[in-house]
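Q: This one is target-v7.cif, mmCIF, C-alpha atoms.
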```cif
data_coords
loop_
_atom_site.group_PDB
_atom_site.id
_atom_site.type_symbol
_atom_site.label_atom_id
_atom_site.label_comp_id
_atom_site.auth_asym_id
_atom_site.auth_seq_id
_atom_site.Cartn_x
_atom_site.Cartn_y
_atom_site.Cartn_z
ATOM 1 C CA MET A 1 103.211 49.222 102.850
ATOM 2 C CA ALA A 2 103.923 50.839 99.462
ATOM 3 C CA VAL A 3 106.357 53.628 98.646
ATOM 4 C CA LEU A 4 105.115 56.866 97.101
ATOM 5 C CA CYS A 5 107.614 59.532 96.035
ATOM 6 C CA GLY A 6 110.259 57.867 98.181
ATOM 7 C CA PHE A 7 108.154 57.900 101.347
ATOM 8 C CA PRO A 8 106.342 55.000 103.002
ATOM 9 C CA PHE A 9 102.679 55.086 101.975
ATOM 10 C CA VAL A 10 100.337 53.354 104.382
ATOM 11 C CA SER A 11 96.834 52.174 103.558
ATOM 12 C CA LEU A 12 94.712 51.250 106.560
ATOM 13 C CA SER A 13 91.174 49.890 106.837
ATOM 14 C CA VAL A 14 89.279 50.165 110.098
ATOM 15 C CA LEU A 15 86.051 48.344 110.854
ATOM 16 C CA CYS A 16 83.717 50.504 112.927
ATOM 17 C CA GLY A 17 80.371 48.840 113.598
ATOM 18 C CA GLU A 18 79.066 47.769 110.219
ATOM 19 C CA SER A 19 81.146 50.326 108.290
ATOM 20 C CA THR A 20 84.697 50.044 107.085
ATOM 21 C CA HIS A 21 86.713 53.263 106.902
ATOM 22 C CA HIS A 22 89.745 53.443 104.633
ATOM 23 C CA PHE A 23 92.646 55.765 105.404
ATOM 24 C CA GLN A 24 95.737 56.459 103.370
ATOM 25 C CA TYR A 25 98.645 58.575 104.477
ATOM 26 C CA ILE A 26 102.304 59.114 103.879
ATOM 27 C CA GLY A 27 104.226 57.650 106.797
ATOM 28 C CA CYS A 28 106.799 60.423 107.083
ATOM 29 C CA MET A 29 107.583 63.660 105.349
ATOM 30 C CA PRO A 30 111.025 65.208 105.062
ATOM 31 C CA LYS A 31 111.799 68.167 107.291
ATOM 32 C CA PHE A 32 112.368 71.542 105.721
ATOM 33 C CA GLU A 33 116.058 72.366 105.484
ATOM 34 C CA ARG A 34 115.379 75.997 106.320
ATOM 35 C CA HIS A 35 112.517 78.248 107.312
ATOM 36 C CA ILE A 36 112.493 81.856 106.185
ATOM 37 C CA PHE A 37 110.294 83.966 108.458
ATOM 38 C CA VAL A 38 109.206 87.263 106.925
ATOM 39 C CA CYS A 39 107.719 89.811 109.305
ATOM 40 C CA CYS A 40 104.251 90.782 108.081
ATOM 41 C CA ASN A 41 103.276 92.745 111.179
ATOM 42 C CA GLN A 42 101.264 95.904 110.680
ATOM 43 C CA ARG A 43 101.146 99.034 112.764
ATOM 44 C CA PRO A 44 99.152 102.227 112.322
ATOM 45 C CA GLU A 45 100.622 104.767 109.937
ATOM 46 C CA GLY A 46 103.074 107.038 111.701
ATOM 47 C CA HIS A 47 103.820 104.631 114.565
ATOM 48 C CA PRO A 48 107.240 105.556 116.014
ATOM 49 C CA ARG A 49 108.584 101.999 115.710
ATOM 50 C CA GLY A 50 107.636 101.620 112.052
ATOM 51 C CA CYS A 51 105.904 98.777 110.267
ATOM 52 C CA CYS A 52 107.312 95.828 108.309
ATOM 53 C CA ASP A 53 104.267 95.352 106.071
ATOM 54 C CA PRO A 54 102.426 98.667 105.672
ATOM 55 C CA SER A 55 100.298 97.432 102.744
ATOM 56 C CA GLY A 56 99.151 94.323 104.632
ATOM 57 C CA GLN A 57 99.678 92.264 101.474
ATOM 58 C CA ALA A 58 102.651 90.140 102.669
ATOM 59 C CA GLN A 59 104.261 90.940 99.317
ATOM 60 C CA LEU A 60 107.831 90.261 100.501
ATOM 61 C CA GLN A 61 106.871 86.792 101.769
ATOM 62 C CA TRP A 62 105.060 86.057 98.490
ATOM 63 C CA ILE A 63 108.163 87.052 96.511
ATOM 64 C CA PHE A 64 110.311 84.705 98.613
ATOM 65 C CA LYS A 65 107.858 81.863 97.937
ATOM 66 C CA GLN A 66 107.864 82.546 94.190
ATOM 67 C CA LYS A 67 111.646 82.782 93.946
ATOM 68 C CA LEU A 68 112.130 79.588 95.994
ATOM 69 C CA ALA A 69 109.713 77.739 93.706
ATOM 70 C CA GLU A 70 111.517 79.052 90.590
ATOM 71 C CA ARG A 71 114.732 77.508 91.916
ATOM 72 C CA GLY A 72 113.103 74.154 92.693
ATOM 73 C CA LEU A 73 113.378 74.679 96.460
ATOM 74 C CA LYS A 74 109.692 74.277 97.264
ATOM 75 C CA GLY A 75 109.392 71.479 99.812
ATOM 76 C CA ARG A 76 112.972 71.987 100.989
ATOM 77 C CA VAL A 77 112.819 75.633 102.103
ATOM 78 C CA ARG A 78 109.703 77.293 103.461
ATOM 79 C CA ALA A 79 108.956 81.037 103.441
ATOM 80 C CA ASN A 80 106.476 81.775 106.223
ATOM 81 C CA LYS A 81 104.611 84.906 107.220
ATOM 82 C CA SER A 82 105.616 85.959 110.694
ATOM 83 C CA GLY A 83 104.025 88.152 113.268
ATOM 84 C CA CYS A 84 106.134 90.828 114.929
ATOM 85 C CA LEU A 85 109.793 89.849 115.282
ATOM 86 C CA ASP A 86 110.270 92.844 117.624
ATOM 87 C CA GLN A 87 112.922 94.458 115.450
ATOM 88 C CA CYS A 88 110.550 97.036 113.983
ATOM 89 C CA GLU A 89 113.056 99.880 113.645
ATOM 90 C CA HIS A 90 115.111 97.669 111.345
ATOM 91 C CA GLY A 91 112.270 96.412 109.187
ATOM 92 C CA PRO A 92 111.233 94.856 107.032
ATOM 93 C CA ASN A 93 112.885 91.957 108.852
ATOM 94 C CA VAL A 94 113.586 88.397 107.777
ATOM 95 C CA VAL A 95 115.062 85.597 109.876
ATOM 96 C CA VAL A 96 116.369 82.279 108.544
ATOM 97 C CA TYR A 97 116.291 79.164 110.730
ATOM 98 C CA PRO A 98 117.917 76.927 111.780
ATOM 99 C CA ASP A 99 120.782 79.306 110.924
ATOM 100 C CA ALA A 100 119.453 82.070 113.239
ATOM 101 C CA VAL A 101 120.491 84.677 110.666
ATOM 102 C CA TRP A 102 118.588 87.955 110.963
ATOM 103 C CA TYR A 103 118.253 90.351 108.045
ATOM 104 C CA SER A 104 117.097 93.963 108.283
ATOM 105 C CA HIS A 105 115.754 96.546 105.850
ATOM 106 C CA VAL A 106 114.990 93.769 103.339
ATOM 107 C CA THR A 107 113.358 94.802 100.075
ATOM 108 C CA ALA A 108 112.037 92.855 97.103
ATOM 109 C CA ALA A 109 115.320 93.671 95.320
ATOM 110 C CA ASP A 110 117.240 91.712 98.016
ATOM 111 C CA VAL A 111 115.331 88.433 97.732
ATOM 112 C CA ASP A 112 117.372 86.910 94.880
ATOM 113 C CA GLU A 113 120.631 87.694 96.657
ATOM 114 C CA ILE A 114 119.442 86.188 99.961
ATOM 115 C CA ILE A 115 118.289 83.016 98.230
ATOM 116 C CA ASP A 116 121.317 82.623 95.954
ATOM 117 C CA SER A 117 123.998 83.576 98.461
ATOM 118 C CA HIS A 118 122.569 82.268 101.733
ATOM 119 C CA ILE A 119 119.912 79.651 101.062
ATOM 120 C CA VAL A 120 121.657 78.015 98.082
ATOM 121 C CA GLY A 121 125.278 79.023 98.674
ATOM 122 C CA GLY A 122 125.379 78.932 102.486
ATOM 123 C CA LYS A 123 126.874 82.441 102.753
ATOM 124 C CA PRO A 124 124.700 85.045 104.538
ATOM 125 C CA VAL A 125 124.364 88.444 102.869
ATOM 126 C CA GLU A 126 126.611 90.598 105.073
ATOM 127 C CA ARG A 127 125.219 93.995 104.040
ATOM 128 C CA LEU A 128 121.726 93.033 105.258
ATOM 129 C CA LEU A 129 122.660 91.385 108.570
ATOM 130 C CA LEU A 130 121.004 92.777 111.659
ATOM 131 C CA PRO A 131 123.773 93.422 114.204
ATOM 132 C CA ASP A 132 123.814 90.958 117.108
ATOM 133 C CA SER A 133 123.782 93.956 119.454
ATOM 134 C CA CYS A 134 120.242 94.742 118.287
ATOM 135 C CA ILE A 135 118.701 91.266 118.545
ATOM 136 C CA ASN A 136 116.452 90.673 121.565
ATOM 137 C CA THR A 137 117.676 93.770 123.342
ATOM 138 C CA TYR A 138 116.965 97.468 123.545
ATOM 139 C CA CYS A 139 119.544 98.752 121.090
ATOM 140 C CA GLU A 140 120.169 102.404 120.288
ATOM 141 C CA HIS A 141 117.656 102.201 117.413
ATOM 142 C CA ARG A 142 114.738 101.102 119.587
ATOM 143 C CA LYS A 143 112.007 103.673 119.972
ATOM 144 C CA PRO A 144 109.378 103.593 122.719
ATOM 145 C CA LYS A 145 106.065 102.010 121.733
ATOM 146 C CA HIS A 146 104.303 105.154 122.860
ATOM 147 C CA PRO A 147 106.123 108.421 122.080
ATOM 148 C CA ALA A 148 105.261 109.980 125.453
ATOM 149 C CA LYS A 149 106.505 106.982 127.443
ATOM 150 C CA GLU A 150 110.004 105.685 127.960
ATOM 151 C CA HIS A 151 110.833 101.992 128.210
ATOM 152 C CA SER A 152 109.532 100.623 131.497
ATOM 153 C CA GLY A 153 111.105 97.182 131.269
ATOM 154 C CA THR A 154 107.948 95.423 130.045
#
```
Is it possible to express this structure as structure tokens?

A:
Amino acid sequence: MAVLCGFPFVSLSVLCGESTHHFQYIGCMPKFERHIFVCCNQRPEGHPRGCCDPSGQAQLQWIFKQKLAERGLKGRVRANKSGCLDQCEHGPNVVVYPDAVWYSHVTAADVDEIIDSHIVGGKPVERLLLPDSCINTYCEHRKPKHPAKEHSGT
């Protein structure tokens, strides 16, 4: 077994009938230190709950990826597109794991601060934090999915 970029590199040959198949793979990859999930859910214009990505271009997620790469964090921190995080009234929303830190009303202008303060410095950006009272519950900001219907518990 060889070592490639600090990881065990395995080369394997398998005889199958009269053919030999050669496989090469890296034995293990490091885990990401953090995942940044950026809500890219779309809703029709005028929906009462709002929409985190009205253009459908995932621009906020792309900006996170670019800024992480500029700081040499590619491969250590991953910025992923997310489906609905169910915090639509507070969007655009971003959540950082494994920290379980939820950000609301995030704009492109906030990305540098989130990366520098939280991802690099370990200090979440207080002004953007989604209150715990609004996470996974029906907070006072929650609007019904259908304007004519009230929440039915589903």

Q: Restricting the calculation to all atoms listed in the file, which member of A:Pro54, A:Val106, A:Arg127, A:Pro30 is positioned closest to Val94 of chain A?

A: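 Residue with the minimum atom-to-atom distance to Val94 of chain A: A:Val106.
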
Q: Please, what distance in Å, to one decimal, runs between atom CA of Gly56 of chain A and atom CA of Ser117 of chain A?

A: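 It comes out at 27.8 Å.
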
Q: Can you list what the PyMOL selection byres ((chain A and resi 41-53) around 10) grabs from this structure, as a PyMOL selection string?

A: chain A and resi 38-40+54-61+81-94+104-106+141-147

Q: Take the residues from that selection and write them out as a PDB file, in the coordinates of the input, keeping C-alpha atoms.

A:
```pdb
ATOM      1  CA  VAL A  38     109.206  87.263 106.925  1.00  0.00           C
ATOM      2  CA  CYS A  39     107.719  89.811 109.305  1.00  0.00           C
ATOM      3  CA  CYS A  40     104.251  90.782 108.081  1.00  0.00           C
ATOM      4  CA  PRO A  54     102.426  98.667 105.672  1.00  0.00           C
ATOM      5  CA  SER A  55     100.298  97.432 102.744  1.00  0.00           C
ATOM      6  CA  GLY A  56      99.151  94.323 104.632  1.00  0.00           C
ATOM      7  CA  GLN A  57      99.678  92.264 101.474  1.00  0.00           C
ATOM      8  CA  ALA A  58     102.651  90.140 102.669  1.00  0.00           C
ATOM      9  CA  GLN A  59     104.261  90.940  99.317  1.00  0.00           C
ATOM     10  CA  LEU A  60     107.831  90.261 100.501  1.00  0.00           C
ATOM     11  CA  GLN A  61     106.871  86.792 101.769  1.00  0.00           C
ATOM     12  CA  LYS A  81     104.611  84.906 107.220  1.00  0.00           C
ATOM     13  CA  SER A  82     105.616  85.959 110.694  1.00  0.00           C
ATOM     14  CA  GLY A  83     104.025  88.152 113.268  1.00  0.00           C
ATOM     15  CA  CYS A  84     106.134  90.828 114.929  1.00  0.00           C
ATOM     16  CA  LEU A  85     109.793  89.849 115.282  1.00  0.00           C
ATOM     17  CA  ASP A  86     110.270  92.844 117.624  1.00  0.00           C
ATOM     18  CA  GLN A  87     112.922  94.458 115.450  1.00  0.00           C
ATOM     19  CA  CYS A  88     110.550  97.036 113.983  1.00  0.00           C
ATOM     20  CA  GLU A  89     113.056  99.880 113.645  1.00  0.00           C
ATOM     21  CA  HIS A  90     115.111  97.669 111.345  1.00  0.00           C
ATOM     22  CA  GLY A  91     112.270  96.412 109.187  1.00  0.00           C
ATOM     23  CA  PRO A  92     111.233  94.856 107.032  1.00  0.00           C
ATOM     24  CA  ASN A  93     112.885  91.957 108.852  1.00  0.00           C
ATOM     25  CA  VAL A  94     113.586  88.397 107.777  1.00  0.00           C
ATOM     26  CA  SER A 104     117.097  93.963 108.283  1.00  0.00           C
ATOM     27  CA  HIS A 105     115.754  96.546 105.850  1.00  0.00           C
ATOM     28  CA  VAL A 106     114.990  93.769 103.339  1.00  0.00           C
ATOM     29  CA  HIS A 141     117.656 102.201 117.413  1.00  0.00           C
ATOM     30  CA  ARG A 142     114.738 101.102 119.587  1.00  0.00           C
ATOM     31  CA  LYS A 143     112.007 103.673 119.972  1.00  0.00           C
ATOM     32  CA  PRO A 144     109.378 103.593 122.719  1.00  0.00           C
ATOM     33  CA  LYS A 145     106.065 102.010 121.733  1.00  0.00           C
ATOM     34  CA  HIS A 146     104.303 105.154 122.860  1.00  0.00           C
ATOM     35  CA  PRO A 147     106.123 108.421 122.080  1.00  0.00           C
TER      36      PRO A 147
END
```

Q: Quick one: pull the distance between atom CA of Asn80 of chain A and atom CA of Ile36 of chain A, Å, one decimal.

A: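 Between atom CA of Asn80 of chain A and atom CA of Ile36 of chain A the gap is 6.0 Å.
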
Q: Residue by residue, what does the PyMOL selection byres ((chain A and resi 68-76) around 6) grab here? Present the result as a list of chain:residue names.

A: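 Selected by the PyMOL selection byres ((chain A and resi 68-76) around 6) in this file: A:Phe32, A:Glu33, A:Lys65, A:Gln66, A:Lys67, A:Val77.
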